[in-house]
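K.L.:
This is coords-v3.txt, which holds compact mmCIF, N, CA and C atoms and all ligand atoms:
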# COMPACT_ATOMS: atom_id res chain seq x y z
N MET Q 1 0.85 -1.19 0.00
CA MET Q 1 0.00 0.00 0.00
C MET Q 1 0.89 1.24 0.00
N ALA Q 2 0.57 2.19 -0.84
CA ALA Q 2 1.37 3.41 -0.94
C ALA Q 2 1.23 4.23 0.34
N GLU Q 3 2.33 4.88 0.72
CA GLU Q 3 2.29 5.75 1.90
C GLU Q 3 1.38 6.94 1.62
N GLU Q 4 0.63 7.32 2.63
CA GLU Q 4 -0.28 8.45 2.50
C GLU Q 4 0.52 9.73 2.23
N ALA Q 5 0.07 10.51 1.27
CA ALA Q 5 0.75 11.76 0.96
C ALA Q 5 0.59 12.74 2.11
N LYS Q 6 1.70 13.37 2.48
CA LYS Q 6 1.65 14.35 3.56
C LYS Q 6 2.37 15.61 3.12
N LEU Q 7 1.87 16.72 3.55
CA LEU Q 7 2.51 18.00 3.32
C LEU Q 7 3.00 18.48 4.68
N ILE Q 8 4.33 18.52 4.87
CA ILE Q 8 4.90 18.86 6.18
C ILE Q 8 5.23 20.36 6.20
N PRO Q 9 4.65 21.11 7.12
CA PRO Q 9 4.95 22.54 7.19
C PRO Q 9 6.41 22.79 7.57
N HIS Q 10 6.98 23.86 7.07
CA HIS Q 10 8.32 24.28 7.48
C HIS Q 10 8.21 24.91 8.87
N VAL Q 11 9.04 24.45 9.79
CA VAL Q 11 9.03 25.01 11.15
C VAL Q 11 10.08 26.12 11.22
N SER Q 12 9.61 27.35 11.11
CA SER Q 12 10.52 28.50 11.19
C SER Q 12 10.91 28.72 12.65
N SER Q 13 11.99 29.43 12.88
CA SER Q 13 12.41 29.73 14.26
C SER Q 13 11.32 30.54 14.97
N GLU Q 14 10.62 31.36 14.21
CA GLU Q 14 9.55 32.19 14.77
C GLU Q 14 8.40 31.31 15.31
N LEU Q 15 8.09 30.21 14.62
CA LEU Q 15 6.97 29.36 15.02
C LEU Q 15 7.39 28.10 15.77
N LYS Q 16 8.69 27.95 16.06
CA LYS Q 16 9.15 26.75 16.76
C LYS Q 16 8.42 26.53 18.09
N PRO Q 17 8.20 27.57 18.92
CA PRO Q 17 7.47 27.34 20.17
C PRO Q 17 6.06 26.79 19.94
N PHE Q 18 5.41 27.21 18.86
CA PHE Q 18 4.07 26.71 18.52
C PHE Q 18 4.13 25.21 18.22
N PHE Q 19 5.11 24.80 17.42
CA PHE Q 19 5.22 23.39 17.06
C PHE Q 19 5.75 22.54 18.22
N ASP Q 20 6.62 23.12 19.07
CA ASP Q 20 7.07 22.40 20.28
C ASP Q 20 5.86 22.09 21.17
N ALA Q 21 4.97 23.06 21.33
CA ALA Q 21 3.77 22.86 22.16
C ALA Q 21 2.86 21.81 21.52
N ALA Q 22 2.69 21.89 20.21
CA ALA Q 22 1.80 20.95 19.51
C ALA Q 22 2.30 19.51 19.67
N ARG Q 23 3.63 19.33 19.64
CA ARG Q 23 4.19 17.99 19.84
C ARG Q 23 3.78 17.43 21.20
N ASN Q 24 3.58 18.32 22.17
CA ASN Q 24 3.13 17.93 23.52
C ASN Q 24 1.61 18.03 23.66
N HIS Q 25 0.92 18.12 22.52
CA HIS Q 25 -0.55 18.20 22.51
C HIS Q 25 -1.08 19.40 23.29
N GLN Q 26 -0.41 20.53 23.09
CA GLN Q 26 -0.88 21.79 23.65
C GLN Q 26 -0.92 22.82 22.53
N LEU Q 27 -1.91 23.70 22.61
CA LEU Q 27 -2.03 24.76 21.61
C LEU Q 27 -1.45 26.04 22.23
N ALA Q 28 -0.52 26.67 21.52
CA ALA Q 28 0.15 27.86 22.05
C ALA Q 28 -0.04 29.05 21.13
N VAL Q 29 -0.13 30.23 21.73
CA VAL Q 29 -0.18 31.49 21.00
C VAL Q 29 0.81 32.44 21.66
N GLN Q 30 1.14 33.51 20.96
CA GLN Q 30 2.05 34.49 21.50
C GLN Q 30 1.29 35.44 22.43
N LYS Q 31 1.96 35.87 23.51
CA LYS Q 31 1.37 36.82 24.44
C LYS Q 31 2.32 38.00 24.61
N CYS Q 32 1.78 39.19 24.49
CA CYS Q 32 2.57 40.40 24.69
C CYS Q 32 2.96 40.49 26.16
N ASP Q 33 4.27 40.66 26.43
CA ASP Q 33 4.75 40.75 27.82
C ASP Q 33 4.44 42.12 28.42
N ASN Q 34 4.03 43.09 27.60
CA ASN Q 34 3.72 44.42 28.12
C ASN Q 34 2.24 44.58 28.45
N CYS Q 35 1.35 44.28 27.48
CA CYS Q 35 -0.09 44.53 27.70
C CYS Q 35 -0.90 43.25 27.85
N GLY Q 36 -0.29 42.10 27.58
CA GLY Q 36 -0.99 40.83 27.77
C GLY Q 36 -1.83 40.38 26.59
N ALA Q 37 -1.86 41.16 25.51
CA ALA Q 37 -2.67 40.77 24.34
C ALA Q 37 -2.13 39.47 23.74
N LEU Q 38 -3.06 38.59 23.35
CA LEU Q 38 -2.69 37.34 22.70
C LEU Q 38 -2.73 37.53 21.20
N ARG Q 39 -1.86 36.85 20.48
CA ARG Q 39 -1.87 36.96 19.02
C ARG Q 39 -1.40 35.68 18.37
N PHE Q 40 -1.90 35.47 17.16
CA PHE Q 40 -1.47 34.39 16.29
C PHE Q 40 -1.86 34.79 14.88
N PRO Q 41 -1.00 34.58 13.87
CA PRO Q 41 0.32 33.96 13.95
C PRO Q 41 1.34 34.84 14.67
N ALA Q 42 2.53 34.28 14.86
CA ALA Q 42 3.59 35.00 15.55
C ALA Q 42 3.94 36.26 14.79
N ALA Q 43 4.24 37.32 15.55
CA ALA Q 43 4.65 38.58 14.96
C ALA Q 43 5.70 39.20 15.86
N PRO Q 44 6.60 40.00 15.29
CA PRO Q 44 7.68 40.58 16.11
C PRO Q 44 7.21 41.69 17.04
N MET Q 45 6.00 42.24 16.79
CA MET Q 45 5.55 43.41 17.57
C MET Q 45 4.07 43.28 17.89
N CYS Q 46 3.68 43.75 19.07
CA CYS Q 46 2.28 43.73 19.48
C CYS Q 46 1.49 44.77 18.67
N LEU Q 47 0.35 44.37 18.14
CA LEU Q 47 -0.47 45.30 17.35
C LEU Q 47 -1.22 46.29 18.24
N LYS Q 48 -1.30 46.01 19.54
CA LYS Q 48 -2.03 46.91 20.45
C LYS Q 48 -1.14 47.95 21.11
N CYS Q 49 0.11 47.56 21.46
CA CYS Q 49 0.95 48.52 22.21
C CYS Q 49 2.35 48.68 21.61
N ASP Q 50 2.64 48.01 20.50
CA ASP Q 50 3.93 48.11 19.82
C ASP Q 50 5.11 47.51 20.58
N SER Q 51 4.86 46.83 21.68
CA SER Q 51 5.97 46.22 22.41
C SER Q 51 6.56 45.08 21.58
N THR Q 52 7.87 44.90 21.68
CA THR Q 52 8.52 43.78 20.99
C THR Q 52 8.83 42.64 21.95
N ARG Q 53 8.38 42.77 23.21
CA ARG Q 53 8.62 41.70 24.19
C ARG Q 53 7.41 40.77 24.19
N SER Q 54 7.65 39.47 24.03
CA SER Q 54 6.54 38.52 24.03
C SER Q 54 7.01 37.16 24.52
N SER Q 55 6.06 36.33 24.86
CA SER Q 55 6.34 34.95 25.23
C SER Q 55 5.21 34.10 24.67
N TRP Q 56 5.31 32.79 24.87
CA TRP Q 56 4.29 31.87 24.37
C TRP Q 56 3.53 31.30 25.54
N VAL Q 57 2.22 31.21 25.40
CA VAL Q 57 1.37 30.65 26.45
C VAL Q 57 0.44 29.61 25.82
N THR Q 58 0.03 28.64 26.61
CA THR Q 58 -0.91 27.66 26.09
C THR Q 58 -2.33 28.16 26.33
N VAL Q 59 -3.21 27.79 25.41
CA VAL Q 59 -4.63 28.16 25.50
C VAL Q 59 -5.47 26.88 25.52
N SER Q 60 -6.77 27.04 25.68
CA SER Q 60 -7.65 25.89 25.91
C SER Q 60 -7.79 24.96 24.70
N GLY Q 61 -7.60 25.52 23.50
CA GLY Q 61 -7.83 24.71 22.30
C GLY Q 61 -9.30 24.66 21.90
N ARG Q 62 -10.10 25.46 22.59
CA ARG Q 62 -11.53 25.52 22.26
C ARG Q 62 -11.84 26.85 21.58
N GLY Q 63 -12.82 26.80 20.68
CA GLY Q 63 -13.21 28.01 19.99
C GLY Q 63 -14.45 27.75 19.17
N LYS Q 64 -14.68 28.64 18.20
CA LYS Q 64 -15.81 28.45 17.31
C LYS Q 64 -15.41 28.85 15.89
N ILE Q 65 -16.14 28.31 14.94
CA ILE Q 65 -15.83 28.61 13.55
C ILE Q 65 -16.29 30.03 13.23
N PHE Q 66 -15.33 30.86 12.87
CA PHE Q 66 -15.60 32.26 12.55
C PHE Q 66 -16.01 32.38 11.09
N SER Q 67 -15.35 31.62 10.21
CA SER Q 67 -15.64 31.63 8.78
C SER Q 67 -15.08 30.34 8.19
N TYR Q 68 -15.58 29.92 7.05
CA TYR Q 68 -15.06 28.69 6.45
C TYR Q 68 -15.36 28.68 4.96
N THR Q 69 -14.67 27.76 4.28
CA THR Q 69 -14.98 27.49 2.89
C THR Q 69 -14.81 25.99 2.68
N ILE Q 70 -15.51 25.46 1.71
CA ILE Q 70 -15.36 24.05 1.37
C ILE Q 70 -14.55 23.97 0.08
N MET Q 71 -13.42 23.28 0.17
CA MET Q 71 -12.56 23.12 -1.00
C MET Q 71 -13.03 21.88 -1.75
N HIS Q 72 -13.40 22.06 -3.01
CA HIS Q 72 -13.93 20.95 -3.82
C HIS Q 72 -12.89 20.41 -4.80
N ARG Q 73 -11.72 21.04 -4.81
CA ARG Q 73 -10.68 20.61 -5.72
C ARG Q 73 -9.42 20.28 -4.91
N ALA Q 74 -8.80 19.15 -5.20
CA ALA Q 74 -7.58 18.76 -4.49
C ALA Q 74 -6.38 19.37 -5.20
N TYR Q 75 -5.69 20.27 -4.51
CA TYR Q 75 -4.52 20.92 -5.10
C TYR Q 75 -3.23 20.18 -4.76
N HIS Q 76 -3.34 19.20 -3.86
CA HIS Q 76 -2.20 18.38 -3.46
C HIS Q 76 -2.76 17.05 -2.97
N PRO Q 77 -2.05 15.94 -3.23
CA PRO Q 77 -2.58 14.63 -2.80
C PRO Q 77 -2.83 14.54 -1.29
N ALA Q 78 -2.18 15.40 -0.50
CA ALA Q 78 -2.38 15.38 0.95
C ALA Q 78 -3.76 15.93 1.34
N PHE Q 79 -4.39 16.65 0.43
CA PHE Q 79 -5.69 17.24 0.72
C PHE Q 79 -6.74 16.58 -0.18
N LYS Q 80 -7.51 15.68 0.42
CA LYS Q 80 -8.53 14.97 -0.36
C LYS Q 80 -9.82 15.78 -0.34
N ALA Q 81 -10.25 16.22 -1.50
CA ALA Q 81 -11.46 17.02 -1.61
C ALA Q 81 -12.70 16.13 -1.50
N PRO Q 82 -13.82 16.64 -0.98
CA PRO Q 82 -13.92 17.99 -0.42
C PRO Q 82 -13.40 18.03 1.02
N TYR Q 83 -12.91 19.21 1.42
CA TYR Q 83 -12.50 19.39 2.81
C TYR Q 83 -12.83 20.82 3.24
N ALA Q 84 -12.98 20.97 4.55
CA ALA Q 84 -13.37 22.27 5.10
C ALA Q 84 -12.13 23.00 5.60
N LEU Q 85 -11.97 24.22 5.15
CA LEU Q 85 -10.90 25.11 5.58
C LEU Q 85 -11.57 26.25 6.33
N ALA Q 86 -11.14 26.49 7.57
CA ALA Q 86 -11.87 27.46 8.40
C ALA Q 86 -10.93 28.41 9.13
N VAL Q 87 -11.51 29.55 9.50
CA VAL Q 87 -10.88 30.44 10.46
C VAL Q 87 -11.58 30.17 11.78
N VAL Q 88 -10.80 29.70 12.76
CA VAL Q 88 -11.35 29.37 14.09
C VAL Q 88 -11.00 30.52 15.03
N GLU Q 89 -12.04 31.05 15.68
CA GLU Q 89 -11.82 32.08 16.71
C GLU Q 89 -11.71 31.36 18.05
N LEU Q 90 -10.50 31.39 18.62
CA LEU Q 90 -10.28 30.72 19.90
C LEU Q 90 -11.06 31.41 21.01
N ASP Q 91 -11.41 30.67 22.06
CA ASP Q 91 -12.13 31.25 23.19
C ASP Q 91 -11.34 32.42 23.79
N GLU Q 92 -10.00 32.37 23.67
CA GLU Q 92 -9.14 33.42 24.22
C GLU Q 92 -8.99 34.60 23.26
N GLY Q 93 -9.54 34.51 22.03
CA GLY Q 93 -9.54 35.65 21.12
C GLY Q 93 -8.83 35.51 19.79
N PRO Q 94 -7.57 35.00 19.77
CA PRO Q 94 -6.88 34.92 18.48
C PRO Q 94 -7.60 34.00 17.50
N LYS Q 95 -7.37 34.25 16.22
CA LYS Q 95 -7.97 33.43 15.17
C LYS Q 95 -6.89 32.61 14.48
N MET Q 96 -7.22 31.36 14.16
CA MET Q 96 -6.30 30.45 13.48
C MET Q 96 -6.97 29.87 12.25
N THR Q 97 -6.23 29.75 11.17
CA THR Q 97 -6.72 29.07 9.99
C THR Q 97 -6.37 27.60 10.12
N SER Q 98 -7.34 26.71 9.85
CA SER Q 98 -7.11 25.29 10.07
C SER Q 98 -8.10 24.47 9.26
N ASN Q 99 -7.81 23.17 9.19
CA ASN Q 99 -8.79 22.23 8.66
C ASN Q 99 -9.80 21.91 9.74
N ILE Q 100 -11.04 21.63 9.33
CA ILE Q 100 -12.03 21.09 10.25
C ILE Q 100 -12.17 19.62 9.89
N VAL Q 101 -11.92 18.76 10.86
CA VAL Q 101 -11.94 17.31 10.63
C VAL Q 101 -13.02 16.67 11.51
N GLY Q 102 -13.33 15.42 11.21
CA GLY Q 102 -14.28 14.68 12.04
C GLY Q 102 -15.73 15.05 11.79
N ILE Q 103 -16.00 15.66 10.66
CA ILE Q 103 -17.37 16.05 10.31
C ILE Q 103 -17.45 16.15 8.79
N GLU Q 104 -18.61 15.82 8.24
CA GLU Q 104 -18.80 16.02 6.80
C GLU Q 104 -18.63 17.51 6.50
N PRO Q 105 -17.81 17.85 5.52
CA PRO Q 105 -17.60 19.27 5.22
C PRO Q 105 -18.92 20.04 5.01
N SER Q 106 -19.91 19.39 4.43
CA SER Q 106 -21.18 20.10 4.16
C SER Q 106 -21.94 20.44 5.44
N LYS Q 107 -21.55 19.86 6.58
CA LYS Q 107 -22.23 20.14 7.84
C LYS Q 107 -21.54 21.22 8.68
N VAL Q 108 -20.40 21.71 8.20
CA VAL Q 108 -19.70 22.77 8.92
C VAL Q 108 -20.51 24.06 8.85
N ARG Q 109 -20.59 24.78 9.97
CA ARG Q 109 -21.35 26.03 10.03
C ARG Q 109 -20.58 27.08 10.83
N CYS Q 110 -20.80 28.35 10.50
CA CYS Q 110 -20.23 29.44 11.30
C CYS Q 110 -20.83 29.37 12.70
N GLY Q 111 -20.01 29.64 13.69
CA GLY Q 111 -20.46 29.63 15.08
C GLY Q 111 -20.38 28.26 15.74
N MET Q 112 -20.09 27.21 14.95
CA MET Q 112 -20.02 25.85 15.49
C MET Q 112 -18.86 25.75 16.49
N PRO Q 113 -19.14 25.21 17.71
CA PRO Q 113 -18.05 25.03 18.68
C PRO Q 113 -17.09 23.94 18.21
N VAL Q 114 -15.79 24.21 18.32
CA VAL Q 114 -14.78 23.24 17.89
C VAL Q 114 -13.71 23.14 18.98
N GLN Q 115 -12.94 22.06 18.90
CA GLN Q 115 -11.80 21.90 19.81
C GLN Q 115 -10.64 21.33 19.03
N VAL Q 116 -9.46 21.64 19.52
CA VAL Q 116 -8.25 21.22 18.81
C VAL Q 116 -8.03 19.72 18.95
N MET Q 117 -7.42 19.14 17.94
CA MET Q 117 -6.88 17.78 18.02
C MET Q 117 -5.50 17.87 17.38
N PHE Q 118 -4.67 16.85 17.61
CA PHE Q 118 -3.30 16.94 17.14
C PHE Q 118 -2.98 15.81 16.18
N ASP Q 119 -2.51 16.19 15.00
CA ASP Q 119 -2.20 15.26 13.93
C ASP Q 119 -0.68 15.15 13.81
N LYS Q 120 -0.11 14.02 14.27
CA LYS Q 120 1.34 13.82 14.21
C LYS Q 120 1.73 13.47 12.78
N LEU Q 121 2.45 14.38 12.11
CA LEU Q 121 2.84 14.17 10.72
C LEU Q 121 4.15 13.40 10.62
N ASN Q 122 5.08 13.68 11.54
CA ASN Q 122 6.34 12.93 11.64
C ASN Q 122 6.90 13.18 13.05
N GLU Q 123 8.14 12.76 13.30
CA GLU Q 123 8.70 12.90 14.65
C GLU Q 123 8.85 14.36 15.07
N ASP Q 124 9.01 15.25 14.11
CA ASP Q 124 9.26 16.66 14.43
C ASP Q 124 8.01 17.53 14.37
N VAL Q 125 7.06 17.17 13.53
CA VAL Q 125 5.94 18.06 13.27
C VAL Q 125 4.60 17.41 13.62
N THR Q 126 3.92 18.02 14.57
CA THR Q 126 2.54 17.68 14.90
C THR Q 126 1.71 18.92 14.59
N LEU Q 127 0.65 18.72 13.82
CA LEU Q 127 -0.14 19.86 13.35
C LEU Q 127 -1.48 19.91 14.08
N PRO Q 128 -1.78 21.04 14.74
CA PRO Q 128 -3.11 21.18 15.33
C PRO Q 128 -4.16 21.33 14.22
N ARG Q 129 -5.27 20.63 14.38
CA ARG Q 129 -6.43 20.80 13.51
C ARG Q 129 -7.62 20.92 14.46
N PHE Q 130 -8.80 21.20 13.93
CA PHE Q 130 -9.96 21.36 14.79
C PHE Q 130 -11.09 20.41 14.37
N ARG Q 131 -11.84 19.96 15.37
CA ARG Q 131 -12.99 19.07 15.14
C ARG Q 131 -14.15 19.60 15.97
N PRO Q 132 -15.37 19.14 15.68
CA PRO Q 132 -16.51 19.60 16.48
C PRO Q 132 -16.26 19.30 17.96
N ALA Q 133 -16.65 20.23 18.83
CA ALA Q 133 -16.43 20.07 20.28
C ALA Q 133 -17.35 18.97 20.81
N ASP Q 134 -16.89 18.32 21.87
CA ASP Q 134 -17.69 17.27 22.53
C ASP Q 134 -18.95 17.88 23.12
ZN ZN Q 201 0.98 44.66 23.81
Please lay out the structure from this file as structure tokens.
Ligand SMILES: [Zn+2]

P.N.:
Amino acid sequence: MAEEAKLIPHVSSELKPFFDAARNHQLAVQKCDNCGALRFPAAPMCLKCDSTRSSWVTVSGRGKIFSYTIMHRAYHPAFKAPYALAVVELDEGPKMTSNIVGIEPSKVRCGMPVQVMFDKLNEDVTLPRFRPAD
């Protein structure tokens, strides 16, 4: 049987803390050390107070679907169409773009509660994805 096609994200130094947390089945976002604002994706400066001091904190992994689209065309063998691509608004505020798994794509809706799950792609990279909340 052929090995399943996988697309492994590049782990930049900027996002290494995110992927280190994911390997431990935790979802992490950046937190401004000056004003406490949370942000994702990683950025060198806080959009609220311009501070360049930040650290990484873990969040609940729960949120809701803010927006989504259904992809009907497979642009890579790793993505079997149809699949749902969504912007998830975390309970703590930041938004993440992710796949929605564990549900028929046609049943995905805005406002649907979701929770993170972790997809181990290889020894180095575990990718957070979201599924309907319990
Ligand atoms: Zn700030």

K.L.:
Around ligand ZN 201 (chain Q), out to 7 Å and counting all atoms listed in the file, which residues are there? I want them as a list of chain:residue names.

P.N.:
Q:Lys31, Q:Cys32, Q:Asp33, Q:Asn34, Q:Cys35, Q:Gly36, Q:Ala37, Q:Met45, Q:Cys46, Q:Leu47, Q:Lys48, Q:Cys49, Q:Asp50, Q:Ser51

K.L.:
Skip Asp119 (chain Q) itself and residues of its chain fewer than 4 positions away, then list as a PDB file with N, CA and C atoms, keeping the file's coordinate frame all residues within 6.5 Å of it, counting only N, CA and C atoms.

P.N.:
ATOM      1  N   VAL Q 125       7.060  17.170  13.530  1.00  0.00           N
ATOM      2  CA  VAL Q 125       5.940  18.060  13.270  1.00  0.00           C
ATOM      3  C   VAL Q 125       4.600  17.410  13.620  1.00  0.00           C
ATOM      4  N   THR Q 126       3.920  18.020  14.570  1.00  0.00           N
ATOM      5  CA  THR Q 126       2.540  17.680  14.900  1.00  0.00           C
ATOM      6  C   THR Q 126       1.710  18.920  14.590  1.00  0.00           C
ATOM      7  N   LEU Q 127       0.650  18.720  13.820  1.00  0.00           N
ATOM      8  CA  LEU Q 127      -0.140  19.860  13.350  1.00  0.00           C
ATOM      9  C   LEU Q 127      -1.480  19.910  14.080  1.00  0.00           C
ATOM     10  N   PRO Q 128      -1.780  21.040  14.740  1.00  0.00           N
ATOM     11  CA  PRO Q 128      -3.110  21.180  15.330  1.00  0.00           C
ATOM     12  C   PRO Q 128      -4.160  21.330  14.220  1.00  0.00           C
ATOM     13  N   ARG Q 129      -5.270  20.630  14.380  1.00  0.00           N
ATOM     14  CA  ARG Q 129      -6.430  20.800  13.510  1.00  0.00           C
ATOM     15  C   ARG Q 129      -7.620  20.920  14.460  1.00  0.00           C
TER      16      ARG Q 129
END

K.L.:
One decimal, Å: what's the distance from CA of Arg73 (chain Q) over to atom N of Val116 (chain Q), could you say?

P.N.:
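Separation of CA of Arg73 (chain Q) and atom N of Val116 (chain Q): 25.3 Å.
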
K.L.:
Determine, counting only N, CA and C atoms, which protein, DNA and RNA residues have an atom within 6.5 Å of an atom of region 53-64 of chain Q; residues of the same chain fewer than 3 positions away are not included. Present the result as a list in words.

P.N.:
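These residues fall inside the cut-off: Gln26, Leu27, Ala28, Val29, Gln30, Lys31, Cys32, Asp33, Asn34, Pro44, Met45, Cys46, Asp50, Ser67, Val87, Val88, Glu89, Leu90, Asp91, Glu92, Cys110, Gly111, Met112, Pro113, Val114, Gln115 and Val116 of chain Q.
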
K.L.:
Show which residues sit within 8 Å of Ile8 (chain Q), as number ranges by chain. Count only N, CA and C atoms, and ignore same-chain residues fewer than 3 positions away.

P.N.:
Q: 5, 11, 121-122, 125

K.L.:
Calculate how many Å separate CA of Thr52 (chain Q) from CA of Ser12 (chain Q), rounding to one decimal.

P.N.:
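For CA of Thr52 (chain Q) relative to CA of Ser12 (chain Q), the distance reads 18.3 Å.
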
K.L.:
If you run DSSP on this backbone, which residues of region 8-128 of chain Q come out as alpha helix (DSSP H), and could you give them as a ChimeraX atom specification?

P.N.:
/Q:16-23

K.L.:
Calculate how many Å separate atom N of Ala133 (chain Q) from atom N of Pro105 (chain Q), rounding to one decimal.

P.N.:
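Distance between the two atoms: 13.6 Å.
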
K.L.:
In chain Q, what's strand (DSSP E or B) per DSSP? Answer as number ranges by chain?

P.N.:
Q: 27-32, 38-39, 54-59, 62-71, 83-90, 95-100, 113-120, 126-132

K.L.:
For Gly93 (chain Q), which residue out of Q:Lys120, Q:Arg39, Q:His25, Q:Lys80 is the nearest one, using only N, CA and C atoms?

P.N.:
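Ranked by minimum distance to Gly93 (chain Q), first place goes to Q:Arg39.
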
K.L.:
Calculated over all atoms listed in the file, which of the candidates Q:Ala74, Q:Thr69, Q:Val108, Q:Asp124 has the smallest distance to Ala86 (chain Q)?

P.N.:
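Between Q:Ala74, Q:Thr69, Q:Val108, Q:Asp124, the residue approaching Ala86 (chain Q) most closely is Q:Thr69.
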
K.L.:
Using only N, CA and C atoms, find all polymer residues with an atom at most 6 Å away from the point (-14.5, 24.6, 4.3); report them as a PyMOL selection string.

P.N.:
chain Q and resi 68-71+83-86

K.L.:
Between Q:Ile65, Q:Pro132, Q:Thr97, Q:Lys107, which is the closest to Pro82 (chain Q) once you count only C-alpha atoms?

P.N.:
Q:Lys107

K.L.:
Draw an axis-aligned box over all listed atoms of region 120-134 of chain Q, pad each side with 8 Å, and write its centre and edge lengths in Å, one decimal, as AutoDock Vina command-line options.

P.N.:
--center_x -4.8 --center_y 17.1 --center_z 16.9 --size_x 44.2 --size_y 24.6 --size_z 28.5
